[in-house]
file model-v4.csv (CSV, C-alpha atoms)
chain,number,residue,atom,x,y,z
A,1,MET,CA,-7.5,100.0,139.6
A,2,SER,CA,-6.9,99.9,135.9
A,3,HIS,CA,-4.2,101.9,134.2
A,4,PRO,CA,-4.2,103.4,130.6
A,5,LEU,CA,-1.2,101.2,129.7
A,6,GLN,CA,-3.0,98.1,130.9
A,7,ASP,CA,-6.2,99.1,129.3
A,8,LEU,CA,-4.5,99.7,125.9
A,9,LEU,CA,-2.7,96.4,126.2
A,10,ASN,CA,-5.9,94.5,127.0
A,11,GLU,CA,-7.5,96.2,123.9
A,12,LYS,CA,-4.7,95.6,121.4
A,13,GLY,CA,-2.6,92.7,122.8
A,14,VAL,CA,0.7,94.1,121.5
A,15,LEU,CA,1.9,97.7,121.9
A,16,LEU,CA,4.4,99.4,119.7
A,17,ALA,CA,6.8,101.8,121.2
A,18,ASP,CA,8.9,104.5,119.5
A,19,GLY,CA,12.5,104.2,118.4
A,20,ALA,CA,15.9,105.6,119.5
A,21,THR,CA,15.5,109.2,120.5
A,22,GLY,CA,19.2,110.1,120.4
A,23,THR,CA,19.8,108.5,117.0
A,24,ASN,CA,16.9,110.4,115.5
A,25,LEU,CA,17.9,113.7,117.0
A,26,PHE,CA,21.4,113.4,115.7
A,27,ALA,CA,19.8,113.1,112.3
A,28,GLU,CA,18.1,116.4,113.0
A,29,GLY,CA,21.3,118.2,113.9
A,30,LEU,CA,22.1,117.3,117.5
A,31,GLU,CA,25.9,117.6,118.0
A,32,ALA,CA,28.1,115.0,119.6
A,33,GLY,CA,28.5,115.9,123.3
A,34,GLU,CA,25.4,118.1,123.3
A,35,ALA,CA,22.6,117.2,125.8
A,36,PRO,CA,19.5,116.1,123.9
A,37,GLU,CA,17.5,117.4,126.9
A,38,VAL,CA,18.6,120.9,126.2
A,39,TRP,CA,16.5,120.7,123.0
A,40,ASN,CA,13.3,120.6,125.2
A,41,PHE,CA,14.0,124.4,125.6
A,42,GLU,CA,16.0,125.3,122.6
A,43,HIS,CA,14.2,123.3,119.9
A,44,PRO,CA,10.8,122.1,121.3
A,45,ASP,CA,9.5,122.1,117.7
A,46,LYS,CA,12.0,119.4,116.7
A,47,ILE,CA,11.2,117.3,119.8
A,48,SER,CA,7.5,117.6,118.9
A,49,ALA,CA,8.2,116.7,115.3
A,50,HIS,CA,10.2,113.6,116.5
A,51,HIS,CA,7.2,112.4,118.6
A,52,ARG,CA,4.7,113.1,115.9
A,53,LYS,CA,6.6,111.0,113.3
A,54,PHE,CA,6.4,108.0,115.6
A,55,VAL,CA,2.8,108.6,116.4
A,56,GLU,CA,2.0,108.9,112.7
A,57,ALA,CA,3.9,105.7,112.1
A,58,GLY,CA,1.5,104.0,114.6
A,59,ALA,CA,3.4,104.0,117.9
A,60,ASP,CA,1.3,103.3,121.0
A,61,ILE,CA,4.0,104.5,123.4
A,62,ILE,CA,6.3,107.5,123.1
A,63,LEU,CA,9.2,108.1,125.4
A,64,THR,CA,10.0,111.6,126.7
A,65,ASN,CA,13.3,113.3,125.7
A,66,SER,CA,14.6,112.9,129.3
A,67,PHE,CA,17.0,109.9,129.2
A,68,GLY,CA,19.8,111.9,130.8
A,69,GLY,CA,17.5,113.8,133.1
A,70,THR,CA,19.1,113.1,136.5
A,71,ARG,CA,21.1,115.7,138.3
A,72,GLN,CA,24.2,113.6,137.8
A,73,ARG,CA,23.9,113.6,134.0
A,74,LEU,CA,22.7,117.2,133.7
A,75,LYS,CA,25.6,118.4,135.8
A,76,LEU,CA,27.8,117.6,132.8
A,77,HIS,CA,26.0,120.4,131.0
A,78,LYS,CA,25.7,122.8,134.0
A,79,LEU,CA,21.9,122.0,134.3
A,80,GLN,CA,21.9,120.2,137.6
A,81,ASP,CA,19.8,123.0,139.1
A,82,LYS,CA,17.1,122.6,136.4
A,83,VAL,CA,16.2,118.9,136.8
A,84,PHE,CA,12.5,119.6,137.5
A,85,GLU,CA,12.2,122.1,134.6
A,86,VAL,CA,14.0,119.9,132.1
A,87,ASN,CA,11.9,116.8,132.8
A,88,GLU,CA,8.6,118.7,133.1
A,89,ALA,CA,9.3,120.3,129.7
A,90,ALA,CA,10.1,116.9,128.1
A,91,ALA,CA,6.9,115.4,129.5
A,92,LYS,CA,4.7,118.4,128.4
A,93,ILE,CA,6.0,118.2,124.8
A,94,ALA,CA,5.2,114.5,124.6
A,95,ARG,CA,1.9,114.9,126.3
A,96,THR,CA,0.8,117.6,123.9
A,97,VAL,CA,1.6,115.4,120.9
A,98,ALA,CA,-0.1,112.3,122.4
A,99,ASP,CA,-3.3,114.2,123.3
A,100,LYS,CA,-3.6,115.4,119.7
A,101,ALA,CA,-3.0,111.9,118.2
A,102,ASP,CA,-5.8,110.1,116.3
A,103,HIS,CA,-5.3,107.1,118.5
A,104,LYS,CA,-4.6,106.4,122.1
A,105,VAL,CA,-0.9,107.1,122.9
A,106,ILE,CA,0.8,106.4,126.2
A,107,VAL,CA,3.5,108.9,127.4
A,108,ALA,CA,6.4,107.1,129.1
A,109,GLY,CA,8.8,109.1,131.1
A,110,SER,CA,12.3,108.1,130.1
A,111,VAL,CA,14.7,107.6,133.0
A,112,GLY,CA,18.2,106.5,132.1
A,113,PRO,CA,21.3,105.6,134.2
A,114,THR,CA,23.0,108.3,136.3
A,115,GLY,CA,26.3,107.3,134.8
A,116,GLU,CA,27.7,106.9,138.4
A,117,LEU,CA,28.9,103.7,140.1
A,118,PHE,CA,27.4,102.7,143.4
A,119,GLU,CA,29.4,102.1,146.6
A,120,PRO,CA,31.8,100.4,147.1
A,121,ARG,CA,32.9,100.6,143.4
A,122,GLY,CA,32.0,104.3,143.3
A,123,ALA,CA,30.7,107.2,145.3
A,124,LEU,CA,26.9,106.9,144.7
A,125,THR,CA,24.9,105.8,147.7
A,126,HIS,CA,21.6,104.1,147.5
A,127,ALA,CA,19.8,107.0,149.2
A,128,ASP,CA,21.4,109.6,146.9
A,129,ALA,CA,20.3,107.6,143.9
A,130,VAL,CA,16.7,107.3,145.1
A,131,ASP,CA,16.7,111.1,145.8
A,132,ALA,CA,18.0,111.9,142.3
A,133,PHE,CA,15.5,109.7,140.5
A,134,ARG,CA,12.7,111.1,142.6
A,135,GLU,CA,13.7,114.6,141.6
A,136,GLN,CA,13.6,113.6,137.9
A,137,ILE,CA,10.3,111.7,138.2
A,138,ARG,CA,8.6,114.6,140.0
A,139,GLY,CA,9.3,116.8,136.9
A,140,LEU,CA,8.1,114.1,134.5
A,141,LYS,CA,4.9,113.5,136.6
A,142,ALA,CA,4.2,117.2,136.7
A,143,GLY,CA,4.5,117.3,132.9
A,144,GLY,CA,1.8,114.6,132.5
A,145,ILE,CA,3.5,111.2,131.9
A,146,ASP,CA,1.4,108.0,132.2
A,147,VAL,CA,4.2,105.7,133.3
A,148,VAL,CA,7.9,105.9,134.4
A,149,TRP,CA,10.1,104.1,131.8
A,150,ILE,CA,13.4,103.1,133.5
A,151,GLU,CA,15.6,102.0,130.6
A,152,THR,CA,19.0,100.9,129.4
A,153,MET,CA,20.1,99.9,132.9
A,154,SER,CA,23.1,97.7,133.7
A,155,ALA,CA,23.1,97.4,137.5
A,156,ALA,CA,20.4,95.8,139.6
A,157,GLU,CA,20.8,98.4,142.3
A,158,GLU,CA,20.2,101.3,139.8
A,159,MET,CA,17.0,99.6,138.6
A,160,GLN,CA,15.9,99.1,142.2
A,161,THR,CA,16.6,102.7,143.3
A,162,ALA,CA,14.8,104.1,140.2
A,163,SER,CA,11.9,101.8,140.9
A,164,GLU,CA,11.8,102.9,144.6
A,165,ALA,CA,11.7,106.5,143.4
A,166,ALA,CA,8.8,105.8,141.1
A,167,ILE,CA,7.0,104.0,143.9
A,168,ALA,CA,7.6,106.9,146.3
A,169,GLU,CA,6.2,109.3,143.7
A,170,ASN,CA,3.1,107.1,143.3
A,171,MET,CA,3.8,106.3,139.7
A,172,PRO,CA,3.6,102.9,137.8
A,173,PHE,CA,6.9,101.9,136.3
A,174,VAL,CA,8.6,99.7,133.8
A,175,PHE,CA,12.3,98.8,133.8
A,176,THR,CA,14.6,97.4,131.1
A,177,ALA,CA,18.2,96.5,131.0
A,178,SER,CA,20.8,96.6,128.2
A,179,PHE,CA,22.4,93.2,127.4
A,180,ASP,CA,25.5,93.1,125.2
A,181,THR,CA,27.0,90.4,123.0
A,182,ALA,CA,28.5,88.6,126.0
A,183,GLY,CA,24.9,87.9,127.0
A,184,LYS,CA,24.9,90.1,130.1
A,185,THR,CA,24.7,93.7,131.1
A,186,MET,CA,27.8,95.8,131.5
A,187,MET,CA,27.6,95.1,135.3
A,188,GLY,CA,27.2,91.3,134.8
A,189,MET,CA,23.5,90.7,135.1
A,190,HIS,CA,22.2,87.8,133.2
A,191,PRO,CA,18.8,88.1,131.4
A,192,ARG,CA,17.2,85.4,133.5
A,193,ASP,CA,18.0,87.4,136.6
A,194,ILE,CA,16.1,90.6,135.7
A,195,HIS,CA,12.9,89.5,137.4
A,196,LYS,CA,14.9,89.1,140.7
A,197,VAL,CA,15.4,92.9,140.7
A,198,ALA,CA,11.8,93.5,141.7
A,199,ALA,CA,12.0,91.0,144.7
A,200,PRO,CA,12.7,93.7,147.4
A,201,LEU,CA,10.4,96.3,146.0
A,202,SER,CA,7.1,97.1,147.8
A,203,GLU,CA,5.3,97.3,144.4
A,204,LYS,CA,6.1,95.4,141.2
A,205,PRO,CA,6.9,96.8,137.7
A,206,PHE,CA,4.2,96.9,135.1
A,207,ALA,CA,6.7,95.1,132.8
A,208,VAL,CA,10.4,94.3,132.5
A,209,GLY,CA,12.4,93.9,129.4
A,210,ALA,CA,15.5,94.6,127.4
A,211,ASN,CA,16.6,97.5,125.1
A,212,CYS,CA,19.5,99.1,123.4
A,213,GLY,CA,21.5,95.9,123.1
A,214,VAL,CA,21.3,92.5,121.5
A,215,GLY,CA,17.9,91.2,120.3
A,216,ALA,CA,15.5,88.6,121.6
A,217,SER,CA,17.2,85.6,119.9
A,218,ASP,CA,20.5,86.4,121.6
A,219,ILE,CA,18.9,87.0,125.0
A,220,LEU,CA,17.0,83.7,124.8
A,221,ALA,CA,20.2,81.9,123.8

call {"tool": "encode", "arguments": {"input": "model-v4.csv", "output": "structure tokens"}}
result
Amino acid sequence: MSHPLQDLLNEKGVLLADGATGTNLFAEGLEAGEAPEVWNFEHPDKISAHHRKFVEAGADIILTNSFGGTRQRLKLHKLQDKVFEVNEAAAKIARTVADKADHKVIVAGSVGPTGELFEPRGALTHADAVDAFREQIRGLKAGGIDVVWIETMSAAEEMQTASEAAIAENMPFVFTASFDTAGKTMMGMHPRDIHKVAAPLSEKPFAVGANCGVGASDILA
């Protein structure tokens, strides 16, 4: 079965995604320590304008304002009981902008790290991580995303659990890792090993890649 993302890639060959959501929202007045996701409720007009600017610049893919949308991240802002609502709102805002665009735009549901360490280094269990990501993805799916965009990951297990959550919610997915100047992720993954992350998964990602770190030349080196 074809997918809108695959169809668009087949049509254009190369797709252009949007830029850094946090950086752009800081320019719009987001305060340090404030949750960008809160703006889905308090300043939906600014989130819409953010998406529109990238669409008008020619973006084929826009990412929802939901990077910190897991219960673990939202707990820092006392929003752990609003996971579904936060993510649904983020997806609806992006979906509305995409549907009004003058060209086909894919809405990708941004799913970032929980900020927690997995056992035995930390307290996060595999099952709890899958459950948290499923909770977030259900909200994004209800809001109308086309694909789950798992991004800026450092640990293989976190990419795997987020992927398992997307699979469980019957959603196609992409995952990307953040590689630093040492040539690896914060948790020690080498770029050449990113494809191994998908090995135990029952379904494979639509794509894998890198973001929010060094560029392609450093990764290849």

call {"tool": "closest_residue", "arguments": {"input": "model-v4.csv", "among": "A:Gly29, A:Gly115, A:Gly109, A:Pro172", "to": "His3 (chain A)", "atoms": "only C-alpha atoms"}}
result
A:Pro172

call {"tool": "residues_around", "arguments": {"input": "model-v4.csv", "residues": "Leu63 (chain A)", "least_positions_apart": "6", "cutoff": "12 Å", "atoms": "all atoms listed in the file", "output": "count of residues only"}}
result
40

call {"tool": "closest_atom_pairs", "arguments": {"input": "model-v4.csv", "of": "region 100-162 of chain A", "to": "region 69-81 of chain A", "cutoff": "12 Å", "atoms": "only C-alpha atoms", "output": "Markdown table"}}
result
| residue | atom | partner | partner_atom | distance |
| --- | --- | --- | --- | --- |
| A:Gly109 | CA | A:Gly69 | CA | 10.1 |
| A:Ser110 | CA | A:Gly69 | CA | 8.3 |
| A:Val111 | CA | A:Gly69 | CA | 6.8 |
| A:Gly112 | CA | A:Gly69 | CA | 7.4 |
| A:Pro113 | CA | A:Thr70 | CA | 8.1 |
| A:Thr114 | CA | A:Gln72 | CA | 5.6 |
| A:Gly115 | CA | A:Arg73 | CA | 6.8 |
| A:Glu116 | CA | A:Gln72 | CA | 7.6 |
| A:Leu117 | CA | A:Gln72 | CA | 11.2 |
| A:Ala123 | CA | A:Gln72 | CA | 11.8 |
| A:Leu124 | CA | A:Gln72 | CA | 10.0 |
| A:Asp128 | CA | A:Gln72 | CA | 10.3 |
| A:Ala129 | CA | A:Thr70 | CA | 9.3 |
| A:Val130 | CA | A:Thr70 | CA | 10.6 |
| A:Asp131 | CA | A:Thr70 | CA | 9.8 |
| A:Ala132 | CA | A:Thr70 | CA | 6.0 |
| A:Phe133 | CA | A:Thr70 | CA | 6.4 |
| A:Arg134 | CA | A:Thr70 | CA | 9.1 |
| A:Glu135 | CA | A:Thr70 | CA | 7.6 |
| A:Gln136 | CA | A:Thr70 | CA | 5.7 |
| A:Ile137 | CA | A:Gly69 | CA | 9.1 |
| A:Arg138 | CA | A:Thr70 | CA | 11.2 |
| A:Gly139 | CA | A:Gly69 | CA | 9.5 |
| A:Leu140 | CA | A:Gly69 | CA | 9.5 |
| A:Ile150 | CA | A:Gly69 | CA | 11.5 |
| A:Ala162 | CA | A:Thr70 | CA | 10.6 |

call {"tool": "atom_distance", "arguments": {"input": "model-v4.csv", "atom1": "CA of Phe173 (chain A)", "atom2": "CA of Pro120 (chain A)"}}
result
27.2 Å

call {"tool": "residues_near_point", "arguments": {"input": "model-v4.csv", "point": "(29.0, 94.2, 137.4)", "cutoff": "10 Å", "atoms": "all atoms listed in the file", "output": "ChimeraX atom specification"}}
result
/A:117,121,154-156,184-189

call {"tool": "atom_distance", "arguments": {"input": "model-v4.csv", "atom1": "CA of Asn10 (chain A)", "atom2": "CA of His103 (chain A)"}}
result
15.2 Å

call {"tool": "atom_distance", "arguments": {"input": "model-v4.csv", "atom1": "CA of Ala49 (chain A)", "atom2": "CA of Glu88 (chain A)"}}
result
17.9 Å

call {"tool": "closest_residue", "arguments": {"input": "model-v4.csv", "among": "A:Ala57, A:Ala127, A:Val208, A:Ala89", "to": "Phe41 (chain A)", "atoms": "all atoms listed in the file"}}
result
A:Ala89

call {"tool": "residues_around", "arguments": {"input": "model-v4.csv", "residues": "Gln160 (chain A)", "least_positions_apart": "5", "cutoff": "8 Å", "atoms": "all atoms listed in the file", "output": "PyMOL selection string"}}
result
chain A and resi 197-198+201

call {"tool": "closest_residue", "arguments": {"input": "model-v4.csv", "among": "A:Gly33, A:Asp102, A:Glu56, A:Met171", "to": "Gly144 (chain A)", "atoms": "all atoms listed in the file"}}
result
A:Met171

call {"tool": "closest_residue", "arguments": {"input": "model-v4.csv", "among": "A:Asp99, A:Asp7, A:Glu119, A:Glu37", "to": "Glu85 (chain A)", "atoms": "only C-alpha atoms"}}
result
A:Glu37

call {"tool": "closest_residue", "arguments": {"input": "model-v4.csv", "among": "A:Asp45, A:Ala166, A:Ile61, A:Ala101", "to": "Ser202 (chain A)", "atoms": "all atoms listed in the file"}}
result
A:Ala166

call {"tool": "closest_residue", "arguments": {"input": "model-v4.csv", "among": "A:Ser163, A:Thr176, A:Thr64, A:Ser2", "to": "Cys212 (chain A)", "atoms": "only C-alpha atoms"}}
result
A:Thr176

call {"tool": "build_atoms", "arguments": {"input": "model-v4.csv", "residues": "region 26-51 of chain A", "atoms": "N, CA, C and O atoms", "output": "CSV table (one decimal), in the frame of the given file"}}
result
chain,number,residue,atom,x,y,z
A,26,PHE,N,20.2,113.1,116.4
A,26,PHE,CA,21.4,113.4,115.7
A,26,PHE,C,21.2,113.6,114.2
A,26,PHE,O,21.8,114.5,113.6
A,27,ALA,N,20.2,112.9,113.7
A,27,ALA,CA,19.8,113.1,112.3
A,27,ALA,C,19.2,114.5,112.0
A,27,ALA,O,19.2,115.0,110.9
A,28,GLU,N,18.7,115.1,113.1
A,28,GLU,CA,18.1,116.4,113.0
A,28,GLU,C,19.1,117.5,113.4
A,28,GLU,O,18.7,118.7,113.4
A,29,GLY,N,20.3,117.2,113.7
A,29,GLY,CA,21.3,118.2,113.9
A,29,GLY,C,21.9,118.3,115.3
A,29,GLY,O,22.8,119.1,115.5
A,30,LEU,N,21.5,117.4,116.2
A,30,LEU,CA,22.1,117.3,117.5
A,30,LEU,C,23.6,117.0,117.4
A,30,LEU,O,24.0,116.1,116.7
A,31,GLU,N,24.4,117.8,118.0
A,31,GLU,CA,25.9,117.6,118.0
A,31,GLU,C,26.4,116.6,119.0
A,31,GLU,O,25.8,116.5,120.1
A,32,ALA,N,27.5,115.9,118.7
A,32,ALA,CA,28.1,115.0,119.6
A,32,ALA,C,28.5,115.7,120.9
A,32,ALA,O,29.1,116.8,120.8
A,33,GLY,N,28.1,115.2,122.1
A,33,GLY,CA,28.5,115.9,123.3
A,33,GLY,C,27.4,116.9,123.8
A,33,GLY,O,27.5,117.3,124.9
A,34,GLU,N,26.5,117.2,122.9
A,34,GLU,CA,25.4,118.1,123.3
A,34,GLU,C,24.3,117.3,124.0
A,34,GLU,O,24.0,116.1,123.7
A,35,ALA,N,23.7,117.9,125.0
A,35,ALA,CA,22.6,117.2,125.8
A,35,ALA,C,21.3,117.2,125.0
A,35,ALA,O,20.8,118.3,124.7
A,36,PRO,N,20.8,116.1,124.6
A,36,PRO,CA,19.5,116.1,123.9
A,36,PRO,C,18.4,116.8,124.7
A,36,PRO,O,17.5,117.5,124.2
A,37,GLU,N,18.5,116.7,126.1
A,37,GLU,CA,17.5,117.4,126.9
A,37,GLU,C,17.4,118.9,126.8
A,37,GLU,O,16.4,119.5,127.0
A,38,VAL,N,18.5,119.5,126.4
A,38,VAL,CA,18.6,120.9,126.2
A,38,VAL,C,17.6,121.3,125.1
A,38,VAL,O,17.0,122.4,125.1
A,39,TRP,N,17.4,120.4,124.1
A,39,TRP,CA,16.5,120.7,123.0
A,39,TRP,C,15.0,120.9,123.5
A,39,TRP,O,14.2,121.4,122.7
A,40,ASN,N,14.7,120.4,124.7
A,40,ASN,CA,13.3,120.6,125.2
A,40,ASN,C,13.1,122.1,125.3
A,40,ASN,O,11.9,122.6,125.3
A,41,PHE,N,14.1,122.9,125.5
A,41,PHE,CA,14.0,124.4,125.6
A,41,PHE,C,14.4,125.1,124.3
A,41,PHE,O,13.7,126.0,123.9
A,42,GLU,N,15.5,124.6,123.7
A,42,GLU,CA,16.0,125.3,122.6
A,42,GLU,C,15.3,125.0,121.3
A,42,GLU,O,15.2,125.8,120.4
A,43,HIS,N,14.9,123.7,121.1
A,43,HIS,CA,14.2,123.3,119.9
A,43,HIS,C,13.0,122.4,120.2
A,43,HIS,O,12.9,121.2,119.7
A,44,PRO,N,12.0,122.9,121.0
A,44,PRO,CA,10.8,122.1,121.3
A,44,PRO,C,10.1,121.7,120.0
A,44,PRO,O,9.4,120.6,120.0
A,45,ASP,N,10.2,122.5,119.0
A,45,ASP,CA,9.5,122.1,117.7
A,45,ASP,C,10.1,120.8,117.1
A,45,ASP,O,9.3,120.0,116.6
A,46,LYS,N,11.4,120.7,117.3
A,46,LYS,CA,12.0,119.4,116.7
A,46,LYS,C,11.7,118.2,117.6
A,46,LYS,O,11.5,117.1,117.1
A,47,ILE,N,11.6,118.4,118.9
A,47,ILE,CA,11.2,117.3,119.8
A,47,ILE,C,9.7,116.9,119.5
A,47,ILE,O,9.4,115.7,119.4
A,48,SER,N,8.9,117.9,119.3
A,48,SER,CA,7.5,117.6,118.9
A,48,SER,C,7.4,116.9,117.6
A,48,SER,O,6.6,115.9,117.5
A,49,ALA,N,8.2,117.3,116.6
A,49,ALA,CA,8.2,116.7,115.3
A,49,ALA,C,8.6,115.2,115.5
A,49,ALA,O,8.1,114.3,114.8
A,50,HIS,N,9.7,115.0,116.3
A,50,HIS,CA,10.2,113.6,116.5
A,50,HIS,C,9.1,112.7,117.1
A,50,HIS,O,8.8,111.6,116.6
A,51,HIS,N,8.3,113.2,118.1
A,51,HIS,CA,7.2,112.4,118.6
A,51,HIS,C,6.1,112.2,117.6
A,51,HIS,O,5.6,111.1,117.5
